[in-house]
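Structure file query.cif; described as mmCIF, C-alpha atoms and all ligand atoms.
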data_model
loop_
_atom_site.label_atom_id
_atom_site.label_comp_id
_atom_site.auth_asym_id
_atom_site.auth_seq_id
_atom_site.Cartn_x
_atom_site.Cartn_y
_atom_site.Cartn_z
CA MET A 1430 -16.77 58.39 -92.77
CA THR A 1431 -19.64 58.26 -90.32
CA ARG A 1432 -19.09 57.43 -86.69
CA SER A 1433 -21.07 54.21 -86.89
CA SER A 1434 -19.06 52.90 -89.83
CA THR A 1435 -15.85 53.18 -87.79
CA ARG A 1436 -17.31 51.02 -85.04
CA SER A 1437 -15.83 47.57 -84.66
CA THR A 1438 -18.14 44.73 -85.61
CA ARG A 1439 -16.41 42.35 -83.19
CA PRO A 1440 -18.73 41.10 -80.43
CA ARG A 1441 -18.54 43.14 -77.25
CA LEU A 1442 -17.40 41.12 -74.26
CA ALA A 1443 -17.59 41.89 -70.54
CA VAL A 1444 -15.51 40.04 -67.94
CA PHE A 1445 -16.90 39.76 -64.40
CA CYS A 1446 -14.40 39.33 -61.55
CA SER A 1447 -14.21 39.50 -57.77
CA GLY A 1448 -10.49 39.16 -57.12
CA SER A 1449 -7.03 39.23 -58.61
CA GLY A 1450 -8.08 38.76 -62.22
CA THR A 1451 -5.24 36.65 -63.59
CA ASN A 1452 -7.75 35.07 -65.98
CA LEU A 1453 -8.92 38.52 -66.98
CA GLN A 1454 -5.27 39.32 -67.75
CA ALA A 1455 -4.96 36.23 -69.93
CA ILE A 1456 -8.14 37.20 -71.82
CA LEU A 1457 -7.00 40.78 -72.15
CA ASP A 1458 -3.63 39.70 -73.58
CA ALA A 1459 -5.30 37.25 -75.97
CA VAL A 1460 -7.72 39.93 -77.21
CA ARG A 1461 -4.83 42.33 -77.73
CA LEU A 1462 -2.92 39.69 -79.74
CA GLY A 1463 -6.01 39.04 -81.88
CA HIS A 1464 -6.46 35.49 -80.58
CA VAL A 1465 -9.91 36.25 -79.18
CA PRO A 1466 -12.05 38.09 -81.75
CA ALA A 1467 -13.85 40.43 -79.35
CA THR A 1468 -13.86 43.96 -78.10
CA LEU A 1469 -13.20 43.75 -74.37
CA ALA A 1470 -15.69 46.49 -73.56
CA LEU A 1471 -16.20 46.24 -69.80
CA VAL A 1472 -14.69 44.73 -66.67
CA LEU A 1473 -17.17 44.53 -63.84
CA ALA A 1474 -16.47 43.60 -60.22
CA ASP A 1475 -18.82 43.14 -57.28
CA THR A 1476 -16.37 44.89 -54.97
CA SER A 1477 -14.26 48.00 -55.51
CA ASP A 1478 -11.09 46.41 -54.11
CA ALA A 1479 -10.87 43.70 -56.79
CA TYR A 1480 -7.39 43.97 -58.31
CA ALA A 1481 -8.96 43.01 -61.64
CA LEU A 1482 -10.30 46.59 -61.85
CA THR A 1483 -6.74 47.94 -61.70
CA ARG A 1484 -5.68 45.58 -64.47
CA ALA A 1485 -8.57 46.81 -66.63
CA ARG A 1486 -7.90 50.51 -66.00
CA ARG A 1487 -4.22 50.06 -66.82
CA ALA A 1488 -5.25 48.52 -70.12
CA GLY A 1489 -7.66 51.38 -70.83
CA ILE A 1490 -10.76 49.23 -70.53
CA PRO A 1491 -13.89 50.58 -68.79
CA ALA A 1492 -13.86 49.17 -65.25
CA LEU A 1493 -16.86 49.29 -62.99
CA ALA A 1494 -17.47 48.21 -59.41
CA ILE A 1495 -21.07 47.39 -58.61
CA ASP A 1496 -20.87 46.64 -54.92
CA ARG A 1497 -23.42 44.01 -53.90
CA THR A 1498 -23.43 45.33 -50.32
CA GLN A 1499 -24.83 48.66 -51.57
CA TYR A 1500 -28.02 47.02 -52.89
CA PRO A 1501 -30.96 45.83 -50.80
CA SER A 1502 -31.54 42.66 -52.86
CA ARG A 1503 -30.00 40.49 -55.57
CA GLU A 1504 -32.70 41.78 -57.95
CA ALA A 1505 -31.63 45.40 -57.39
CA PHE A 1506 -27.96 44.44 -57.75
CA GLU A 1507 -28.67 42.63 -61.02
CA ARG A 1508 -30.76 45.53 -62.34
CA ALA A 1509 -27.69 47.73 -61.88
CA ILE A 1510 -25.53 45.18 -63.69
CA LEU A 1511 -28.01 44.86 -66.57
CA SER A 1512 -28.17 48.58 -66.98
CA ALA A 1513 -24.34 48.72 -67.21
CA LEU A 1514 -24.39 45.90 -69.75
CA ARG A 1515 -26.93 47.82 -71.85
CA ALA A 1516 -24.93 51.03 -71.61
CA HIS A 1517 -21.81 49.23 -72.84
CA ARG A 1518 -23.74 47.20 -75.45
CA ILE A 1519 -22.41 43.90 -74.09
CA ARG A 1520 -23.23 40.72 -76.03
CA TYR A 1521 -21.05 38.12 -74.24
CA ILE A 1522 -20.06 37.74 -70.58
CA ALA A 1523 -17.11 35.76 -69.24
CA LEU A 1524 -17.18 35.05 -65.52
CA ALA A 1525 -13.61 34.86 -64.22
CA GLY A 1526 -13.59 34.34 -60.49
CA PHE A 1527 -16.89 36.20 -59.99
CA MET A 1528 -18.04 35.07 -56.55
CA ARG A 1529 -21.77 35.83 -56.92
CA ILE A 1530 -24.45 33.45 -58.09
CA LEU A 1531 -26.53 35.08 -60.81
CA SER A 1532 -30.29 34.58 -60.72
CA PRO A 1533 -32.06 32.26 -63.19
CA ALA A 1534 -33.72 35.32 -64.77
CA PHE A 1535 -30.33 36.92 -65.42
CA VAL A 1536 -28.83 33.68 -66.72
CA ARG A 1537 -31.72 33.19 -69.17
CA LYS A 1538 -31.17 36.65 -70.67
CA TYR A 1539 -27.60 35.70 -71.62
CA ARG A 1540 -28.17 32.03 -72.36
CA GLY A 1541 -25.45 30.73 -74.68
CA ARG A 1542 -23.50 33.96 -74.23
CA LEU A 1543 -22.59 33.62 -70.54
CA ILE A 1544 -19.49 31.53 -69.84
CA ASN A 1545 -17.73 30.46 -66.64
CA ILE A 1546 -14.41 28.95 -65.63
CA HIS A 1547 -14.26 26.44 -62.80
CA PRO A 1548 -11.14 24.92 -61.17
CA ALA A 1549 -12.22 21.26 -61.31
CA LEU A 1550 -13.32 18.66 -63.82
CA LEU A 1551 -17.08 19.21 -63.62
CA PRO A 1552 -19.40 17.61 -62.73
CA ALA A 1553 -16.89 16.68 -59.99
CA PHE A 1554 -16.33 19.25 -57.26
CA PRO A 1555 -18.72 22.11 -58.05
CA GLY A 1556 -18.97 25.08 -55.69
CA ALA A 1557 -16.64 27.65 -54.22
CA HIS A 1558 -14.04 25.26 -52.70
CA ALA A 1559 -13.33 22.97 -55.63
CA VAL A 1560 -9.61 22.49 -55.05
CA GLN A 1561 -9.92 21.95 -51.29
CA ASP A 1562 -12.80 19.53 -51.90
CA ALA A 1563 -10.74 17.55 -54.43
CA LEU A 1564 -7.83 17.28 -51.97
CA ARG A 1565 -10.12 16.33 -49.10
CA ALA A 1566 -11.69 13.58 -51.23
CA GLY A 1567 -8.24 12.21 -52.05
CA ALA A 1568 -8.76 12.76 -55.79
CA ARG A 1569 -5.76 11.80 -57.93
CA ARG A 1570 -6.74 14.14 -60.74
CA THR A 1571 -8.41 17.48 -61.10
CA GLY A 1572 -8.44 20.16 -63.78
CA VAL A 1573 -10.24 23.07 -65.34
CA THR A 1574 -13.67 23.33 -66.96
CA ILE A 1575 -15.05 26.08 -69.16
CA HIS A 1576 -18.82 25.89 -69.45
CA PHE A 1577 -21.93 27.77 -70.46
CA VAL A 1578 -23.80 29.02 -67.43
CA ASP A 1579 -27.28 27.63 -66.83
CA GLU A 1580 -29.66 28.11 -63.90
CA GLY A 1581 -27.71 25.74 -61.61
CA VAL A 1582 -24.38 26.21 -59.84
CA ASP A 1583 -21.50 24.97 -62.05
CA THR A 1584 -23.88 22.70 -63.99
CA GLY A 1585 -24.04 24.17 -67.50
CA PRO A 1586 -22.94 22.40 -70.71
CA ILE A 1587 -19.18 21.96 -71.02
CA ILE A 1588 -17.21 23.84 -73.66
CA ALA A 1589 -13.67 22.68 -72.78
CA GLN A 1590 -11.85 20.71 -70.11
CA ARG A 1591 -8.27 19.87 -69.32
CA GLY A 1592 -7.14 17.58 -66.52
CA MET A 1593 -3.92 17.27 -64.52
CA PRO A 1594 -2.68 14.89 -61.83
CA ILE A 1595 -2.63 15.90 -58.17
CA ARG A 1596 0.84 15.05 -56.82
CA PRO A 1597 1.15 13.29 -53.48
CA GLY A 1598 1.37 15.77 -50.60
CA GLU A 1599 0.49 18.81 -52.72
CA THR A 1600 -1.20 21.72 -50.94
CA ALA A 1601 -4.21 23.60 -52.32
CA ALA A 1602 -1.96 26.57 -53.06
CA GLN A 1603 0.40 24.39 -55.11
CA VAL A 1604 -2.48 22.83 -57.03
CA PHE A 1605 -3.88 26.30 -57.73
CA VAL A 1606 -0.59 27.49 -59.21
CA ARG A 1607 -0.63 24.65 -61.74
CA LEU A 1608 -4.36 24.99 -62.41
CA HIS A 1609 -3.94 28.67 -63.15
CA ARG A 1610 -1.40 27.90 -65.89
CA ILE A 1611 -3.99 25.68 -67.55
CA GLU A 1612 -6.76 28.23 -67.03
CA HIS A 1613 -4.79 31.01 -68.70
CA GLN A 1614 -4.43 28.92 -71.86
CA LEU A 1615 -7.80 27.24 -71.90
CA TYR A 1616 -10.12 30.20 -71.21
CA PRO A 1617 -9.05 32.44 -74.11
CA ARG A 1618 -9.24 29.48 -76.51
CA ALA A 1619 -12.69 28.46 -75.33
CA LEU A 1620 -13.90 32.05 -75.60
CA ALA A 1621 -12.57 32.27 -79.14
CA ASP A 1622 -14.50 29.10 -80.00
CA VAL A 1623 -17.74 30.58 -78.67
CA LEU A 1624 -17.21 34.03 -80.17
CA THR A 1625 -16.54 32.63 -83.63
CA GLY A 1626 -19.55 30.30 -83.41
CA ARG A 1627 -17.34 27.16 -83.57
CA VAL A 1628 -18.99 26.09 -80.32
CA GLN A 1629 -22.64 26.82 -79.58
CA TRP A 1630 -25.24 25.83 -77.02
CA ARG A 1631 -28.20 24.60 -79.04
CA GLY A 1632 -31.12 22.40 -78.12
CA GLY A 1633 -29.80 21.84 -74.62
CA ARG A 1634 -26.32 20.66 -75.64
CA VAL A 1635 -22.99 21.93 -76.88
CA VAL A 1636 -22.62 21.71 -80.64
CA ARG A 1637 -19.18 21.89 -82.27
CA ARG A 1638 -18.89 22.87 -85.92
CA ALA A 1639 -18.07 19.84 -88.03
CA ASP A 1640 -15.02 21.39 -89.74
CA ASP A 1641 -13.07 21.50 -86.42
C1 LIG B 1 -9.97 30.79 -60.95
O1 LIG B 1 -9.27 29.74 -60.37
C2 LIG B 1 -11.29 30.31 -61.51
O2 LIG B 1 -11.27 28.98 -61.91
C3 LIG B 1 -12.22 30.49 -60.34
O3 LIG B 1 -11.78 31.66 -59.70
C4 LIG B 1 -10.39 31.81 -59.90
C5 LIG B 1 -10.15 33.23 -60.35
O4 LIG B 1 -8.78 33.51 -60.38
N1 LIG B 1 -13.60 30.55 -60.81
P1 LIG B 1 -8.24 34.89 -61.00
O5 LIG B 1 -8.92 36.03 -60.24
O6 LIG B 1 -8.57 34.90 -62.44
O7 LIG B 1 -6.76 34.85 -60.75
#
If you convert what's in this file into structure tokens, what do you get?
Ligand code: GRF
Amino acid sequence: MTRSSTRSTRPRLAVFCSGSGTNLQAILDAVRLGHVPATLALVLADTSDAYALTRARRAGIPALAIDRTQYPSREAFERAILSALRAHRIRYIALAGFMRILSPAFVRKYRGRLINIHPALLPAFPGAHAVQDALRAGARRTGVTIHFVDEGVDTGPIIAQRGMPIRPGETAAQVFVRLHRIEHQLYPRALADVLTGRVQWRGGRVVRRADD
């Protein structure tokens, strides 16, 4: 048997993180159980102290820190990322708490294959402080959105959403705990939908296969 014939044909997925990586863990577990038909081929962080890197290494997955502060510009930083993606033959990228905004040029290269998770019901409360913003606004509901990434910030077409009530007097930390439970279920499922082609971004909108 040749080496190439032993290679998995499952799409190669990278997960980008900046922090703890509980969503990475959920994806990792789902891949291992066969619920997400991908090879988790790379975990990339923009800082070497992201705990997500430890999770990846423990699971035997290539883990790479590309520290933004070591590059003179976003272009140089993204060139380094793209070269890692080429080296690991990455087809799909899942952003999971990655705290950098990727340039329009980068986003266009992975259009339809670059996915993000956001802790609010977009288009409400985009940006880095979604839960705090929802509480400050007095919102009675919030939730989780999985979406394709476009050139804007948290604006791309929506793949999946699930809402939950905000209880009176709840703190941001308490809301986050409950949001995370939703995230850990929703993200692997949404990724499976994209990776199997059940959900695609075509002609500027999300298309779901009719048999679902
Ligand atoms: C999640 O709440 C996600 O919605 C947001 O960043 C957080 C990452 O959490 N984009 P974790 O590192 O996966 O625990």
Exercise: segment 1589-1602 of chain A partners within 9 Å, all atoms listed in the file, chain neighbours under 6 positions left out, as a list in words: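 In the requested format, the answer is Ala1549, Leu1550, Leu1551, Val1560, Gln1561, Leu1564, Ala1568, Arg1569, Arg1570, Thr1571, Gly1572, Val1573, Thr1574, Ile1575, His1576, Leu1608, Ile1611, Glu1612, Leu1615, Tyr1616, Arg1618 and Ala1619 of chain A.
In this comparison, which uses all atoms listed in the file, the residue of A:Asn1545, A:Ser1532, A:Gly1463, A:Arg1497 approaching Phe1445 of chain A most closely is A:Asn1545.
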Contacts of segment 1511-1521 of chain A at 10 Å (only C-alpha atoms; same-chain gap of 3+ positions) as a PyMOL selection string: chain A and resi 1440-1444+1467-1471+1473+1491+1493+1495+1505-1508+1535+1538-1544+1620+1623-1624
Closest of A:His1464, A:Arg1607, A:Arg1631, A:His1547 to ligand LIG 1 (chain B) - atom-to-atom distances counting only C-alpha atoms and all ligand atoms: A:His1547
Which residue of A:Arg1537, A:Arg1529, A:Arg1627, A:Arg1565 approaches ligand LIG 1 (chain B) most closely, using only C-alpha atoms and all ligand atoms: A:Arg1529
Distance query 12 Å from (-17.3, 29.8, -51.1) using all atoms listed in the file, result as a list of chain:residue names: A:Gly1526, A:Phe1527, A:Met1528, A:Arg1529, A:Ile1530, A:Pro1555, A:Gly1556, A:Ala1557, A:His1558, A:Ala1559, A:Val1560, A:Gln1561, A:Asp1562, A:Val1582
Gap from atom CA of Pro1552 of chain A to atom CA of Thr1451 of chain A - Å, one decimal: 23.7 Å
